[in-house]
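**Student:** Next comes the structure file structure.txt, holding compact mmCIF, C-alpha atoms.
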# COMPACT_ATOMS: atom_id res chain seq x y z
CA MET G 19 69.35 -84.38 205.51
CA ASP G 20 72.17 -81.90 205.13
CA GLU G 21 70.93 -80.15 202.01
CA ILE G 22 73.94 -77.87 201.61
CA ALA G 23 76.40 -80.77 201.80
CA LEU G 24 74.35 -82.84 199.36
CA LEU G 25 74.11 -79.88 196.99
CA SER G 26 77.83 -79.34 197.13
CA GLN G 27 78.48 -83.02 196.37
CA ALA G 28 75.91 -82.98 193.57
CA GLN G 29 77.62 -79.94 192.07
CA ARG G 30 80.79 -82.00 191.88
CA GLY G 31 78.86 -84.60 189.87
CA ASP G 32 77.87 -86.96 192.69
CA LEU G 33 74.69 -88.57 191.37
CA ASP G 34 73.93 -90.40 194.62
CA ALA G 35 73.90 -87.13 196.53
CA PHE G 36 71.61 -85.62 193.92
CA ASN G 37 69.28 -88.61 194.09
CA ARG G 38 68.89 -88.10 197.82
CA LEU G 39 67.68 -84.59 197.05
CA VAL G 40 65.35 -86.06 194.41
CA LEU G 41 63.80 -88.35 197.01
CA ALA G 42 63.30 -85.41 199.35
CA TYR G 43 61.51 -83.23 196.82
CA GLN G 44 59.93 -85.59 194.30
CA GLU G 45 56.51 -85.73 195.97
CA GLN G 46 56.17 -81.98 196.19
CA LEU G 47 57.32 -81.42 192.62
CA PHE G 48 55.04 -84.13 191.30
CA ASN G 49 52.03 -82.67 193.17
CA ILE G 50 52.74 -79.18 191.85
CA ALA G 51 53.04 -80.50 188.30
CA PHE G 52 49.86 -82.55 188.73
CA ARG G 53 47.81 -79.61 190.02
CA ILE G 54 49.05 -77.34 187.23
CA LEU G 55 48.68 -79.87 184.40
CA GLY G 56 45.72 -81.85 185.73
CA ASP G 57 47.13 -85.10 184.36
CA GLU G 58 49.14 -87.69 186.24
CA ASP G 59 51.21 -88.98 183.30
CA LEU G 60 52.12 -85.52 182.10
CA ALA G 61 52.96 -84.53 185.66
CA ALA G 62 55.25 -87.56 186.01
CA ASP G 63 57.02 -86.68 182.76
CA ALA G 64 57.43 -83.05 183.82
CA THR G 65 58.81 -84.08 187.22
CA GLN G 66 61.31 -86.49 185.70
CA GLU G 67 62.41 -83.92 183.14
CA ALA G 68 62.70 -81.28 185.87
CA PHE G 69 65.11 -83.42 187.91
CA LEU G 70 67.16 -84.27 184.86
CA HIS G 71 67.32 -80.61 183.91
CA ALA G 72 68.19 -79.66 187.50
CA PHE G 73 71.08 -82.12 187.54
CA GLN G 74 72.43 -80.82 184.26
CA LYS G 75 72.26 -77.24 185.51
CA ILE G 76 73.17 -77.90 189.13
CA THR G 77 76.41 -75.95 188.82
CA THR G 78 74.44 -72.80 187.97
CA PHE G 79 72.63 -72.97 191.32
CA ARG G 80 74.49 -70.72 193.71
CA SER G 81 72.49 -69.83 196.78
CA GLY G 82 68.97 -69.32 198.06
CA SER G 83 66.19 -71.83 198.28
CA PHE G 84 66.94 -75.03 196.38
CA ARG G 85 63.26 -75.95 196.64
CA ALA G 86 62.23 -72.66 194.98
CA TRP G 87 64.82 -73.32 192.24
CA LEU G 88 63.38 -76.80 191.61
CA ILE G 89 59.83 -75.44 191.63
CA ARG G 90 60.81 -72.82 189.07
CA ILE G 91 62.15 -75.55 186.77
CA VAL G 92 59.06 -77.73 187.09
CA THR G 93 56.58 -74.85 186.66
CA ASN G 94 58.43 -73.69 183.54
CA LEU G 95 58.23 -77.22 182.14
CA CYS G 96 54.51 -77.29 182.96
CA TYR G 97 54.01 -73.97 181.15
CA ASP G 98 55.86 -75.43 178.13
CA GLU G 99 53.56 -78.43 178.18
CA LEU G 100 50.45 -76.24 178.44
CA ARG G 101 51.68 -74.15 175.50
CA ARG G 102 52.23 -77.35 173.51
CA GLN G 103 48.71 -78.49 174.34
CA LYS G 104 47.33 -75.13 173.28
CA ARG G 105 49.08 -75.39 169.92
CA ARG G 106 47.90 -78.98 169.39
CA PRO G 107 44.67 -79.44 171.32
CA GLN G 108 43.82 -83.08 171.81
CA THR G 109 40.36 -84.29 172.79
CA ALA G 110 39.62 -87.97 172.74
CA LEU G 111 36.54 -88.61 170.66
CA GLU G 112 35.54 -91.66 172.68
CA PRO G 113 36.53 -91.32 176.33
CA LEU G 114 37.16 -94.70 177.90
CA THR G 115 36.85 -96.03 181.42
CA ALA G 116 39.76 -97.62 183.22
CA ASP G 117 38.61 -100.98 181.82
CA GLY G 118 38.77 -99.67 178.28
CA GLU G 119 35.00 -99.41 177.87
CA GLU G 120 33.38 -96.41 176.29
CA LEU G 121 31.60 -94.06 178.68
CA GLU G 122 27.87 -93.77 178.09
CA SER G 123 27.58 -90.17 179.12
CA PRO G 124 31.12 -88.83 179.12
CA ALA G 125 31.87 -85.77 181.18
CA TRP G 126 33.12 -83.85 178.16
CA MET G 127 29.55 -83.90 176.78
CA SER G 128 28.08 -82.39 179.97
CA ASP G 129 28.21 -78.76 181.06
CA GLY G 130 31.79 -79.09 182.27
CA GLY G 131 31.03 -79.83 185.92
CA PRO G 132 30.17 -83.04 187.63
CA SER G 133 26.62 -84.26 187.15
CA PRO G 134 23.95 -83.48 189.83
CA GLU G 135 23.77 -87.18 190.73
CA THR G 136 27.32 -87.34 191.97
CA SER G 137 27.80 -88.16 195.62
CA LEU G 138 29.55 -86.02 198.16
CA GLU G 139 32.56 -88.23 198.17
CA GLN G 140 35.93 -86.69 198.51
CA LYS G 141 36.87 -87.79 195.01
CA GLU G 142 34.05 -85.81 193.49
CA LEU G 143 34.90 -82.76 195.50
CA GLU G 144 38.48 -83.07 194.39
CA HIS G 145 37.26 -83.35 190.83
CA ALA G 146 35.26 -80.14 191.23
CA ILE G 147 38.20 -78.27 192.70
CA GLU G 148 40.42 -79.63 189.95
CA HIS G 149 37.92 -78.45 187.36
CA CYS G 150 37.93 -74.94 188.83
CA LEU G 151 41.73 -74.92 189.10
CA GLN G 152 42.06 -75.85 185.45
CA ALA G 153 39.69 -73.02 184.54
CA LEU G 154 42.21 -70.51 185.94
CA PRO G 155 44.86 -69.03 183.62
CA PRO G 156 48.22 -70.82 184.24
CA PRO G 157 49.97 -67.92 186.04
CA PHE G 158 47.07 -67.67 188.52
CA ARG G 159 46.80 -71.43 188.83
CA SER G 160 50.45 -71.90 189.71
CA ILE G 161 50.24 -69.25 192.45
CA VAL G 162 47.19 -70.84 194.05
CA VAL G 163 48.83 -74.25 193.86
CA LEU G 164 52.00 -73.01 195.49
CA ALA G 165 50.32 -70.87 198.15
CA ASP G 166 47.19 -72.78 199.11
CA ILE G 167 47.98 -76.38 198.23
CA GLU G 168 51.73 -76.49 198.86
CA GLY G 169 51.75 -73.85 201.60
CA LEU G 170 54.69 -71.80 200.31
CA ASP G 171 55.04 -68.25 201.63
CA TYR G 172 54.82 -65.19 199.40
CA SER G 173 58.56 -64.57 199.17
CA GLU G 174 59.34 -68.16 198.17
CA ILE G 175 56.60 -68.02 195.52
CA ALA G 176 58.06 -64.77 194.20
CA VAL G 177 61.48 -66.42 193.90
CA ALA G 178 60.11 -69.62 192.37
CA LEU G 179 58.01 -67.85 189.77
CA ARG G 180 60.35 -64.88 189.29
CA ILE G 181 57.66 -62.30 189.84
CA PRO G 182 57.47 -59.35 192.26
CA LEU G 183 55.93 -59.85 195.69
CA GLY G 184 53.12 -57.41 194.87
CA THR G 185 52.17 -59.49 191.82
CA VAL G 186 52.05 -62.62 193.99
CA LYS G 187 49.63 -60.91 196.38
CA SER G 188 47.33 -59.49 193.74
CA ARG G 189 47.26 -62.65 191.59
CA LEU G 190 46.60 -64.85 194.61
CA ALA G 191 43.70 -62.67 195.76
CA ARG G 192 42.12 -62.67 192.30
CA ALA G 193 42.70 -66.38 191.81
CA ARG G 194 41.03 -67.18 195.16
CA MET G 195 38.05 -65.03 194.22
CA ARG G 196 37.71 -66.72 190.83
CA LEU G 197 37.91 -70.12 192.49
CA ARG G 198 35.22 -69.15 194.95
CA ASP G 199 32.96 -68.04 192.07
CA CYS G 200 33.62 -71.28 190.21
CA LEU G 201 33.05 -73.50 193.25
CA ARG G 202 29.62 -71.98 193.82
CA GLN G 203 28.25 -74.16 191.03
CA PHE G 204 29.31 -77.24 193.01
CA GLN G 205 27.52 -76.32 196.23
CA GLU G 206 26.02 -79.78 196.58
CA LEU G 207 29.50 -81.32 196.62
CA LEU G 208 30.91 -79.09 199.27
CA PRO G 209 31.02 -80.20 202.88
CA SER G 210 28.28 -78.55 204.94
CA ILE G 211 30.67 -76.14 206.60
CA PHE G 212 31.51 -74.71 203.17
CA ARG G 213 27.98 -74.46 201.87
CA ARG G 214 27.80 -70.75 202.56
CA LEU G 215 30.57 -69.98 200.06
CA MET N 22 34.29 -55.48 196.05
CA LYS N 23 37.33 -53.43 195.14
CA THR N 24 40.44 -55.26 193.99
CA LYS N 25 42.47 -53.41 196.62
CA ASP N 26 40.17 -54.68 199.40
CA LEU N 27 40.36 -58.17 197.97
CA GLU N 28 44.15 -58.08 198.08
CA LEU N 29 44.06 -56.75 201.64
CA LEU N 30 41.74 -59.55 202.75
CA SER N 31 43.82 -62.19 201.00
CA SER N 32 47.05 -60.95 202.58
CA TYR N 33 45.33 -60.63 205.95
CA LEU N 34 44.29 -64.25 205.69
CA ASP N 35 47.90 -65.28 205.12
CA GLY N 36 49.22 -63.07 207.91
CA ALA N 37 51.16 -61.00 205.40
CA LEU N 38 49.94 -57.55 206.43
CA PRO N 39 51.90 -55.08 208.56
CA PRO N 40 50.42 -54.49 212.06
CA GLU N 41 49.05 -51.01 211.34
CA GLN N 42 47.14 -52.30 208.29
CA ILE N 43 45.83 -55.24 210.30
CA ALA N 44 44.36 -52.88 212.94
CA ARG N 45 42.77 -50.68 210.27
CA LEU N 46 41.30 -53.67 208.40
CA GLU N 47 39.93 -55.24 211.57
CA ARG N 48 38.14 -51.99 212.40
CA ARG N 49 36.59 -52.00 208.91
CA LEU N 50 35.66 -55.69 209.23
CA GLY N 51 33.76 -54.93 212.45
CA ALA N 52 31.70 -52.31 210.68
CA ASP N 53 31.26 -53.78 207.18
CA PRO N 54 29.32 -57.08 206.84
CA GLU N 55 30.06 -57.30 203.10
CA LEU N 56 33.79 -57.20 203.80
CA ARG N 57 33.35 -59.87 206.48
CA ALA N 58 31.45 -62.10 204.03
CA ALA N 59 34.22 -61.73 201.45
CA LEU N 60 36.84 -62.65 204.03
CA GLU N 61 34.84 -65.71 205.02
CA ALA N 62 34.50 -66.80 201.38
CA LEU N 63 38.24 -66.45 200.80
CA GLN N 64 38.95 -68.33 204.01
CA GLN N 65 36.67 -71.20 202.99
CA THR N 66 38.15 -71.39 199.50
CA ARG N 67 41.63 -71.60 200.93
CA ALA N 68 40.51 -74.26 203.43
CA LEU N 69 39.01 -76.32 200.59
CA LEU N 70 42.24 -76.19 198.64
CA ARG N 71 44.22 -77.21 201.70
CA ARG N 72 41.97 -80.25 202.12
CA LEU N 73 42.99 -81.60 198.75
CA PRO N 74 44.70 -84.95 199.27
CA ARG N 75 48.30 -85.27 198.22
CA ARG N 76 49.00 -87.56 195.32
CA ARG N 77 51.52 -90.30 195.81
CA VAL N 78 54.29 -90.37 193.28
CA PRO N 79 53.69 -93.07 190.65
CA ARG N 80 57.38 -94.01 190.74
CA ASN N 81 60.69 -92.74 192.04
CA PHE N 82 62.23 -90.00 189.94
CA THR N 83 65.83 -90.73 190.88
CA LEU N 84 68.29 -90.48 188.00
CA SER N 85 70.32 -93.39 186.73
CA PRO N 86 73.85 -92.96 185.32
CA GLN N 87 72.53 -94.08 181.94
CA LYS N 88 69.90 -91.38 182.01
CA VAL N 89 72.38 -88.61 182.58
CA ALA N 90 75.47 -90.11 180.93
CA LYS N 91 74.81 -88.46 177.62
CA ARG N 92 75.08 -85.01 179.10
CA PRO N 93 77.82 -84.73 181.75
CA PRO N 94 77.71 -81.64 183.97
CA LEU N 95 79.79 -78.85 182.45
CA PRO N 96 81.82 -76.26 184.38
CA ARG N 97 79.96 -73.22 185.68
CA PHE N 98 81.78 -70.80 183.35
CA TYR N 99 81.04 -72.88 180.24
CA PRO N 100 78.04 -70.77 179.10
CA SER N 101 80.10 -67.55 179.52
CA LEU N 102 82.85 -69.06 177.40
CA GLN N 103 80.31 -69.96 174.74
CA TRP N 104 79.07 -66.38 174.67
CA SER N 105 82.54 -64.89 174.50
CA THR N 106 83.48 -67.25 171.63
CA ALA N 107 80.38 -66.21 169.74
CA LEU N 108 81.26 -62.55 170.35
CA THR N 109 84.84 -63.03 169.11
CA ILE N 110 83.63 -64.74 165.94
CA LEU N 111 81.09 -61.98 165.36
CA LEU N 112 83.78 -59.32 165.78
CA LEU N 113 86.01 -61.15 163.34
CA ILE N 114 83.24 -61.39 160.76
CA PHE N 115 82.34 -57.75 161.31
CA SER N 116 85.92 -56.51 160.81
CA LEU N 117 86.33 -58.69 157.71
CA GLY N 118 83.08 -57.28 156.40
CA LEU N 119 84.35 -53.75 157.00
CA ARG N 120 87.49 -54.57 155.05
CA LEU N 121 85.41 -55.87 152.18
CA VAL N 122 83.26 -52.76 152.10
CA SER N 123 85.71 -49.89 152.69
CA PRO N 124 89.00 -50.62 150.80
CA PRO N 125 87.53 -50.91 147.30
CA ALA N 126 86.16 -47.41 147.84
CA ALA N 127 89.48 -46.11 149.16
CA ILE N 128 91.80 -47.66 146.58
CA PRO N 129 90.11 -46.43 143.40
CA SER N 130 89.85 -42.90 144.77
CA LEU N 131 93.57 -42.91 145.47
CA ALA N 132 94.25 -44.36 142.06
CA THR N 133 92.12 -41.80 140.23
CA GLU N 134 93.63 -38.92 142.18
CA ALA N 135 97.08 -40.12 141.37
CA ALA N 136 96.38 -40.93 137.74
CA PRO N 137 96.73 -37.45 136.10
CA ALA N 138 99.96 -36.63 137.91
CA LEU N 139 101.27 -40.06 137.18
CA ARG N 140 100.37 -39.78 133.52
CA ALA N 141 102.08 -36.39 133.27
CA ALA N 142 105.21 -37.78 134.86
CA GLN N 143 105.13 -40.74 132.53
CA ALA N 144 104.59 -38.53 129.53
CA GLU N 145 107.63 -36.49 130.52
CA ALA N 146 109.61 -39.63 130.98
CA THR N 147 108.52 -41.13 127.66
CA GLU N 148 108.78 -37.90 125.61
CA GLN N 149 112.45 -37.55 126.36
CA PRO N 150 113.64 -40.80 124.80
CA LEU N 151 111.13 -40.45 121.98
CA THR N 152 112.50 -37.07 120.96
CA VAL N 153 115.94 -38.53 120.95
CA MET N 154 114.72 -41.46 118.98
CA ALA N 155 112.75 -39.25 116.60
CA PHE N 156 115.55 -36.76 115.91
CA PRO N 157 118.76 -38.64 116.38
CA SER N 158 120.93 -36.49 114.01
CA GLU N 159 119.17 -33.11 113.91
CA GLU N 160 117.90 -34.02 110.51
CA THR N 161 114.65 -32.67 109.27
CA PRO N 162 112.20 -35.30 109.98
CA THR N 163 110.37 -36.70 107.07
CA PRO N 164 106.65 -37.13 107.58
CA GLU N 165 107.17 -40.88 107.25
CA SER N 166 109.82 -41.03 110.00
CA ALA N 167 107.92 -38.66 112.30
CA LEU N 168 104.67 -40.50 111.97
CA PRO N 169 105.69 -43.67 113.77
CA SER N 170 107.14 -41.67 116.63
CA ILE N 171 103.93 -39.62 117.02
CA MET N 172 101.82 -42.73 116.69
CA ALA N 173 104.04 -44.46 119.15
CA LEU N 174 103.34 -41.87 121.85
CA PRO N 175 99.91 -42.96 123.00
CA GLN N 176 100.97 -46.56 122.76
CA GLU N 177 104.01 -45.90 124.84
CA THR N 178 102.02 -43.96 127.44
CA SER N 179 99.38 -46.62 127.63
CA GLN N 180 102.08 -49.17 128.22
CA ALA N 181 103.61 -46.85 130.74
CA LYS N 182 100.28 -46.61 132.57
CA ASP N 183 100.18 -50.36 132.86
CA VAL N 184 103.59 -50.49 134.44
CA SER N 185 103.33 -47.14 136.10
CA PRO N 186 105.00 -47.97 139.44
CA SER N 187 108.16 -49.22 137.79
CA LEU N 188 108.26 -46.37 135.29
CA GLU N 189 107.73 -43.86 138.01
CA GLU N 190 110.72 -45.22 139.83
CA THR N 191 112.89 -45.34 136.70
CA ALA N 192 111.89 -41.83 135.65
CA MET N 193 113.11 -40.38 138.91
CA PRO N 194 116.38 -38.51 138.83
CA ALA N 195 119.15 -40.33 140.60
CA GLY N 196 119.98 -39.27 144.14
CA GLU N 197 116.52 -37.88 144.88
CA GLU N 198 114.27 -39.23 147.59
CA PRO N 199 111.74 -41.64 146.12
CA MET N 200 108.24 -40.24 145.96
CA PRO N 201 105.86 -42.01 148.28
CA SER N 202 103.82 -44.42 146.28
CA GLU N 203 100.05 -44.08 146.53
CA TYR N 204 99.73 -47.81 146.24
CA SER N 205 101.60 -48.31 149.44
CA VAL N 206 98.97 -46.37 151.44
CA PRO N 207 96.33 -49.08 151.60
CA ALA N 208 98.95 -51.67 152.35
CA GLU N 209 100.19 -49.64 155.32
CA SER N 210 96.71 -48.96 156.65
CA ALA N 211 95.79 -52.61 156.28
CA SER N 212 98.54 -53.91 158.50
CA PRO N 213 96.96 -52.95 161.88
CA LEU N 214 93.69 -54.41 160.65
CA SER N 215 95.43 -57.59 159.66
CA LEU N 216 96.91 -57.74 163.13
CA ILE N 217 93.40 -57.46 164.60
CA TRP N 218 92.14 -60.20 162.31
CA VAL N 219 94.94 -62.49 163.22
CA SER N 220 94.42 -61.80 166.94
CA LEU N 221 90.66 -62.35 166.70
CA GLY N 222 91.14 -65.46 164.62
CA VAL N 223 93.65 -66.92 167.05
CA LEU N 224 91.43 -66.00 170.00
CA ALA N 225 88.38 -67.59 168.38
CA LEU N 226 90.33 -70.75 167.60
CA LEU N 227 91.64 -70.90 171.16
CA GLN N 228 88.17 -70.46 172.59
CA ILE N 229 86.68 -73.11 170.31
CA GLY N 230 89.49 -75.44 171.28
CA LEU N 231 88.86 -74.71 174.95
CA LEU N 232 85.14 -75.39 174.55
CA PHE N 233 85.80 -78.75 172.93
CA GLY N 234 88.50 -79.51 175.49
CA LEU N 235 86.18 -78.76 178.39
CA ARG N 236 83.45 -80.92 176.91
CA TRP N 237 85.89 -83.76 176.46
CA TRP N 238 87.36 -83.31 179.95
CA SER N 239 83.88 -83.24 181.55
CA ALA N 240 82.85 -86.36 179.66
CA TYR N 241 86.11 -88.07 180.68
CA GLN N 242 85.68 -87.15 184.35
CA TRP N 243 82.07 -88.21 184.20
CA ARG N 244 82.88 -91.62 182.73
CA LYS N 245 85.57 -92.12 185.37
CA ARG N 246 83.08 -91.33 188.14
CA LEU N 247 80.51 -93.74 186.75
What would you get if you wrote out this structure as structure tokens?

**Tutor:**
Amino acid sequence: MDEIALLSQAQRGDLDAFNRLVLAYQEQLFNIAFRILGDEDLAADATQEAFLHAFQKITTFRSGSFRAWLIRIVTNLCYDELRRQKRRPQTALEPLTADGEELESPAWMSDGGPSPETSLEQKELEHAIEHCLQALPPPFRSIVVLADIEGLDYSEIAVALRIPLGTVKSRLARARMRLRDCLRQFQELLPSIFRRL
Amino acid sequence: MKTKDLELLSSYLDGALPPEQIARLERRLGADPELRAALEALQQTRALLRRLPRRRVPRNFTLSPQKVAKRPPLPRFYPSLQWSTALTILLLIFSLGLRLVSPPAAIPSLATEAAPALRAAQAEATEQPLTVMAFPSEETPTPESALPSIMALPQETSQAKDVSPSLEETAMPAGEEPMPSEYSVPAESASPLSLIWVSLGVLALLQIGLLFGLRWWSAYQWRKRL
């Protein structure tokens, strides 16, 4: 994929060229949005809105990393969504299963973590990590997501989040430490090699 | 654990430390088991995060022409033009506001300064014909005939004040240079301002027209491309 050529065509209003860029980056953007928001539907909405916004503003993109530019748009939209949620907190009174049945002992009534009976399945571990990620303040969360889940380097994170490199380093270190502290309560879920956390 | 050490360990883990700092930290790691344990914990946390499975996208996020048709892409300089139009309009409003505030203060002061001199000149101008009218044939004026003329004086002067510019001109001796009128001062000083207003107004109108034109042109081009 010749990104520069596609970008140039997209800047002239070529929607097909832009859509090829969408296909190249949609999975990464969706995963970032999902890890920041912790909800698949909201993440899908944020991703769609991010691409629409990117197309509208494509002429303002000049140089640098197009991926970092897209990530900046989607993280900003995620922050907007989190702010909206904070203003209007919504907690379902009766959590339902996928079949529409009411949960007997819903997780929101427990201590916040998975119950001791949960197995060591990958899904449960993912749930625990997700729980700890959501416990981080959004600026720390987004850095961990970008660095440790998406594998971006420090400079690209600094560009994407518009923060100095030093802030990236310090926030990442503190976020990792907080995550480690949080994950300690899920020792039984962790694979044996991580038990000594 | 100090925050500084935590940052060092985190950067070390990501290979983001300069070589001299790496050597120093590795020496410390060899000697400090607590530091080693912290590094191991960070390493394991990062490894856990990296093991998280990637979610598959629930659908494709490609854009359809219908989705973007409402908002065609605008030229790159469009936002700058919007700002400059706003600035022009603000300047225009500001200068109009200045005009509204300052001239009423300037005009009355000129008028009050000019009033005594003007009244004196008018009095001179009105006394002359009145004397002639009052004593046309060097006769001794009877109190009855003098009274109207005396009573007429203030009336005449008050009328003269109302039409002061014309009286001032008529009272001037022929052949002399006309005195500069105080009332012409604000008019003269206003003309450069008016020029600025007109320029700003025209500029604002042009910019607004250009903004609308660009929007229309972008929409037209966009429809053609679809």

**Student:** Once you count all atoms listed in the file, which residues of chain N turn out to be within 6 Å of chain G? Could you give them as JSON, numbers by chain?

**Tutor:** {"N": [28, 31, 62, 66, 67, 70, 71, 78, 82, 83, 94, 97]}

**Student:** Mind checking which residues fall within 9 Å of N:Leu231, counting all atoms listed in the file, ignoring those fewer than 5 positions away in the same chain, and posting them as a VMD selection string?

**Tutor:** chain N and resid 102 226 236

**Student:** Please indicate the distance in Å from atom CA of N:Gly230 to atom CA of N:Tyr99, rounded to one decimal place.

**Tutor:**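 Straight-line distance from atom CA of N:Gly230 to atom CA of N:Tyr99 works out to 12.6 Å.
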
**Student:** One decimal, Å: what's the distance from atom CA of G:Pro157 over to atom CA of N:Arg77, could you say?

**Tutor:** 24.5 Å

**Student:** I'd like the interatomic distance between atom CA of G:Arg180 and atom CA of G:Leu88, to a tenth of an Å.

**Tutor:**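 Taking atom CA of G:Arg180 and atom CA of G:Leu88, their separation equals 12.5 Å.
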
**Student:** Hey, could you pull the box centre and edge lengths for stretch 25-37 of chain N, axis-aligned, 4 Å padding per side, all listed atoms, to one decimal in Å, as AutoDock Vina command-line options?

**Tutor:**
--center_x 45.7 --center_y -59.3 --center_z 202.3 --size_x 19.0 --size_y 19.9 --size_z 19.3
